[in-house]
Amino acid sequence: MLGCAAEYLLSQLCDSYHEYLKNHSSQNEQEAFERKVIKAKSAYIRLDEFEKRVNSNVSLFKNL
């Protein structure tokens, strides 16, 4: 049950960040995020790709 909740939370977090990108980034960055994170084949890949983006933009996430 906890795994389902964690995966749901990750999905919601990724969707929220995708909305942020729609307002604050280039079309290419949005498409890359959608291709690699939103449409990932597994939760593990989604988490791994999302973590890469968090680590490359730490200052954005520190202010949350």
# chains A, B, ... in the order shown; residues from 1 in each chain; ligands from 1
call {"tool": "select_by_dssp", "arguments": {"residues": "chain A", "states": "helix (DSSP H, G or I)", "output": "number ranges by chain"}}
result
A: 2-24, 27-38, 43-56, 58-62
call {"tool": "residues_around", "arguments": {"residues": "range 41-51 of chain A", "least_positions_apart": "2", "cutoff": "10 Å", "atoms": "only C-alpha atoms", "output": "NGL selection string"}}
result
:A and (6-8 or 10-11 or 13-14 or 17 or 33 or 36-39 or 53-57)
call {"tool": "atom_distance", "arguments": {"atom1": "CA of Ser59 in chain A", "atom2": "CA of Ala5 in chain A"}}
result
26.8 Å
call {"tool": "atom_distance", "arguments": {"atom1": "CA of Lys22 in chain A", "atom2": "CA of Cys4 in chain A"}}
result
27.1 Å
call {"tool": "closest_residue", "arguments": {"among": "A:Glu34, A:Lys52, A:Leu2, A:Asn63", "to": "Glu19 in chain A", "atoms": "only C-alpha atoms"}}
result
A:Glu34
call {"tool": "atom_distance", "arguments": {"atom1": "CA of Gln30 in chain A", "atom2": "CA of Leu9 in chain A"}}
result
20.3 Å
call {"tool": "decode", "arguments": {"residues": "range 12-35 of chain A", "atoms": "N, CA, C and O atoms", "output": "PDB file, in the first residue's frame"}}
result
ATOM      1  N   GLN A  12       2.237  12.872  -9.022  1.00  0.00           N
ATOM      2  CA  GLN A  12       1.684  14.208  -8.800  1.00  0.00           C
ATOM      3  C   GLN A  12       2.783  15.272  -8.797  1.00  0.00           C
ATOM      4  O   GLN A  12       2.612  16.359  -9.354  1.00  0.00           O
ATOM      5  N   LEU A  13       3.906  14.971  -8.190  1.00  0.00           N
ATOM      6  CA  LEU A  13       5.033  15.896  -8.148  1.00  0.00           C
ATOM      7  C   LEU A  13       5.575  16.148  -9.553  1.00  0.00           C
ATOM      8  O   LEU A  13       5.838  17.299  -9.933  1.00  0.00           O
ATOM      9  N   CYS A  14       5.707  15.103 -10.334  1.00  0.00           N
ATOM     10  CA  CYS A  14       6.187  15.244 -11.715  1.00  0.00           C
ATOM     11  C   CYS A  14       5.203  16.047 -12.563  1.00  0.00           C
ATOM     12  O   CYS A  14       5.620  16.896 -13.353  1.00  0.00           O
ATOM     13  N   ASP A  15       3.920  15.808 -12.391  1.00  0.00           N
ATOM     14  CA  ASP A  15       2.909  16.569 -13.131  1.00  0.00           C
ATOM     15  C   ASP A  15       2.963  18.051 -12.763  1.00  0.00           C
ATOM     16  O   ASP A  15       2.845  18.921 -13.626  1.00  0.00           O
ATOM     17  N   SER A  16       3.166  18.340 -11.487  1.00  0.00           N
ATOM     18  CA  SER A  16       3.253  19.730 -11.034  1.00  0.00           C
ATOM     19  C   SER A  16       4.480  20.417 -11.621  1.00  0.00           C
ATOM     20  O   SER A  16       4.413  21.564 -12.071  1.00  0.00           O
ATOM     21  N   TYR A  17       5.609  19.716 -11.622  1.00  0.00           N
ATOM     22  CA  TYR A  17       6.824  20.293 -12.202  1.00  0.00           C
ATOM     23  C   TYR A  17       6.658  20.478 -13.703  1.00  0.00           C
ATOM     24  O   TYR A  17       7.138  21.464 -14.272  1.00  0.00           O
ATOM     25  N   HIS A  18       5.962  19.589 -14.347  1.00  0.00           N
ATOM     26  CA  HIS A  18       5.697  19.722 -15.788  1.00  0.00           C
ATOM     27  C   HIS A  18       4.880  20.988 -16.059  1.00  0.00           C
ATOM     28  O   HIS A  18       5.150  21.705 -17.017  1.00  0.00           O
ATOM     29  N   GLU A  19       3.910  21.275 -15.224  1.00  0.00           N
ATOM     30  CA  GLU A  19       3.133  22.514 -15.348  1.00  0.00           C
ATOM     31  C   GLU A  19       4.031  23.737 -15.161  1.00  0.00           C
ATOM     32  O   GLU A  19       3.888  24.728 -15.863  1.00  0.00           O
ATOM     33  N   TYR A  20       4.944  23.660 -14.210  1.00  0.00           N
ATOM     34  CA  TYR A  20       5.900  24.750 -13.998  1.00  0.00           C
ATOM     35  C   TYR A  20       6.724  24.967 -15.267  1.00  0.00           C
ATOM     36  O   TYR A  20       6.935  26.106 -15.693  1.00  0.00           O
ATOM     37  N   LEU A  21       7.200  23.880 -15.861  1.00  0.00           N
ATOM     38  CA  LEU A  21       8.016  23.994 -17.068  1.00  0.00           C
ATOM     39  C   LEU A  21       7.238  24.634 -18.217  1.00  0.00           C
ATOM     40  O   LEU A  21       7.820  25.370 -19.013  1.00  0.00           O
ATOM     41  N   LYS A  22       5.961  24.353 -18.295  1.00  0.00           N
ATOM     42  CA  LYS A  22       5.144  24.940 -19.357  1.00  0.00           C
ATOM     43  C   LYS A  22       5.148  26.460 -19.294  1.00  0.00           C
ATOM     44  O   LYS A  22       5.024  27.126 -20.313  1.00  0.00           O
ATOM     45  N   ASN A  23       5.303  27.013 -18.096  1.00  0.00           N
ATOM     46  CA  ASN A  23       5.283  28.463 -17.919  1.00  0.00           C
ATOM     47  C   ASN A  23       6.671  29.094 -17.845  1.00  0.00           C
ATOM     48  O   ASN A  23       6.781  30.315 -17.939  1.00  0.00           O
ATOM     49  N   HIS A  24       7.716  28.289 -17.645  1.00  0.00           N
ATOM     50  CA  HIS A  24       9.030  28.865 -17.369  1.00  0.00           C
ATOM     51  C   HIS A  24      10.184  28.250 -18.160  1.00  0.00           C
ATOM     52  O   HIS A  24      11.337  28.449 -17.778  1.00  0.00           O
ATOM     53  N   SER A  25       9.936  27.515 -19.196  1.00  0.00           N
ATOM     54  CA  SER A  25      11.045  26.899 -19.921  1.00  0.00           C
ATOM     55  C   SER A  25      10.748  26.811 -21.411  1.00  0.00           C
ATOM     56  O   SER A  25       9.648  27.107 -21.867  1.00  0.00           O
ATOM     57  N   SER A  26      11.746  26.356 -22.135  1.00  0.00           N
ATOM     58  CA  SER A  26      11.615  26.222 -23.585  1.00  0.00           C
ATOM     59  C   SER A  26      10.773  24.996 -23.948  1.00  0.00           C
ATOM     60  O   SER A  26      10.588  24.083 -23.143  1.00  0.00           O
ATOM     61  N   GLN A  27      10.325  24.997 -25.155  1.00  0.00           N
ATOM     62  CA  GLN A  27       9.531  23.875 -25.667  1.00  0.00           C
ATOM     63  C   GLN A  27      10.352  22.584 -25.652  1.00  0.00           C
ATOM     64  O   GLN A  27       9.834  21.522 -25.313  1.00  0.00           O
ATOM     65  N   ASN A  28      11.635  22.694 -25.990  1.00  0.00           N
ATOM     66  CA  ASN A  28      12.499  21.506 -26.004  1.00  0.00           C
ATOM     67  C   ASN A  28      12.642  20.899 -24.617  1.00  0.00           C
ATOM     68  O   ASN A  28      12.625  19.678 -24.461  1.00  0.00           O
ATOM     69  N   GLU A  29      12.802  21.741 -23.606  1.00  0.00           N
ATOM     70  CA  GLU A  29      12.928  21.243 -22.237  1.00  0.00           C
ATOM     71  C   GLU A  29      11.632  20.572 -21.784  1.00  0.00           C
ATOM     72  O   GLU A  29      11.658  19.524 -21.138  1.00  0.00           O
ATOM     73  N   GLN A  30      10.509  21.153 -22.142  1.00  0.00           N
ATOM     74  CA  GLN A  30       9.214  20.564 -21.795  1.00  0.00           C
ATOM     75  C   GLN A  30       9.049  19.195 -22.442  1.00  0.00           C
ATOM     76  O   GLN A  30       8.615  18.240 -21.793  1.00  0.00           O
ATOM     77  N   GLU A  31       9.387  19.111 -23.722  1.00  0.00           N
ATOM     78  CA  GLU A  31       9.239  17.845 -24.443  1.00  0.00           C
ATOM     79  C   GLU A  31      10.179  16.774 -23.900  1.00  0.00           C
ATOM     80  O   GLU A  31       9.791  15.604 -23.784  1.00  0.00           O
ATOM     81  N   ALA A  32      11.396  17.165 -23.546  1.00  0.00           N
ATOM     82  CA  ALA A  32      12.350  16.203 -22.981  1.00  0.00           C
ATOM     83  C   ALA A  32      11.844  15.683 -21.634  1.00  0.00           C
ATOM     84  O   ALA A  32      11.931  14.484 -21.352  1.00  0.00           O
ATOM     85  N   PHE A  33      11.300  16.579 -20.808  1.00  0.00           N
ATOM     86  CA  PHE A  33      10.764  16.163 -19.517  1.00  0.00           C
ATOM     87  C   PHE A  33       9.584  15.212 -19.711  1.00  0.00           C
ATOM     88  O   PHE A  33       9.488  14.182 -19.041  1.00  0.00           O
ATOM     89  N   GLU A  34       8.719  15.553 -20.625  1.00  0.00           N
ATOM     90  CA  GLU A  34       7.554  14.692 -20.879  1.00  0.00           C
ATOM     91  C   GLU A  34       7.987  13.315 -21.386  1.00  0.00           C
ATOM     92  O   GLU A  34       7.490  12.294 -20.923  1.00  0.00           O
ATOM     93  N   ARG A  35       8.936  13.306 -22.303  1.00  0.00           N
ATOM     94  CA  ARG A  35       9.395  12.047 -22.889  1.00  0.00           C
ATOM     95  C   ARG A  35      10.113  11.170 -21.860  1.00  0.00           C
ATOM     96  O   ARG A  35       9.875   9.967 -21.788  1.00  0.00           O
TER      97      ARG A  35
END
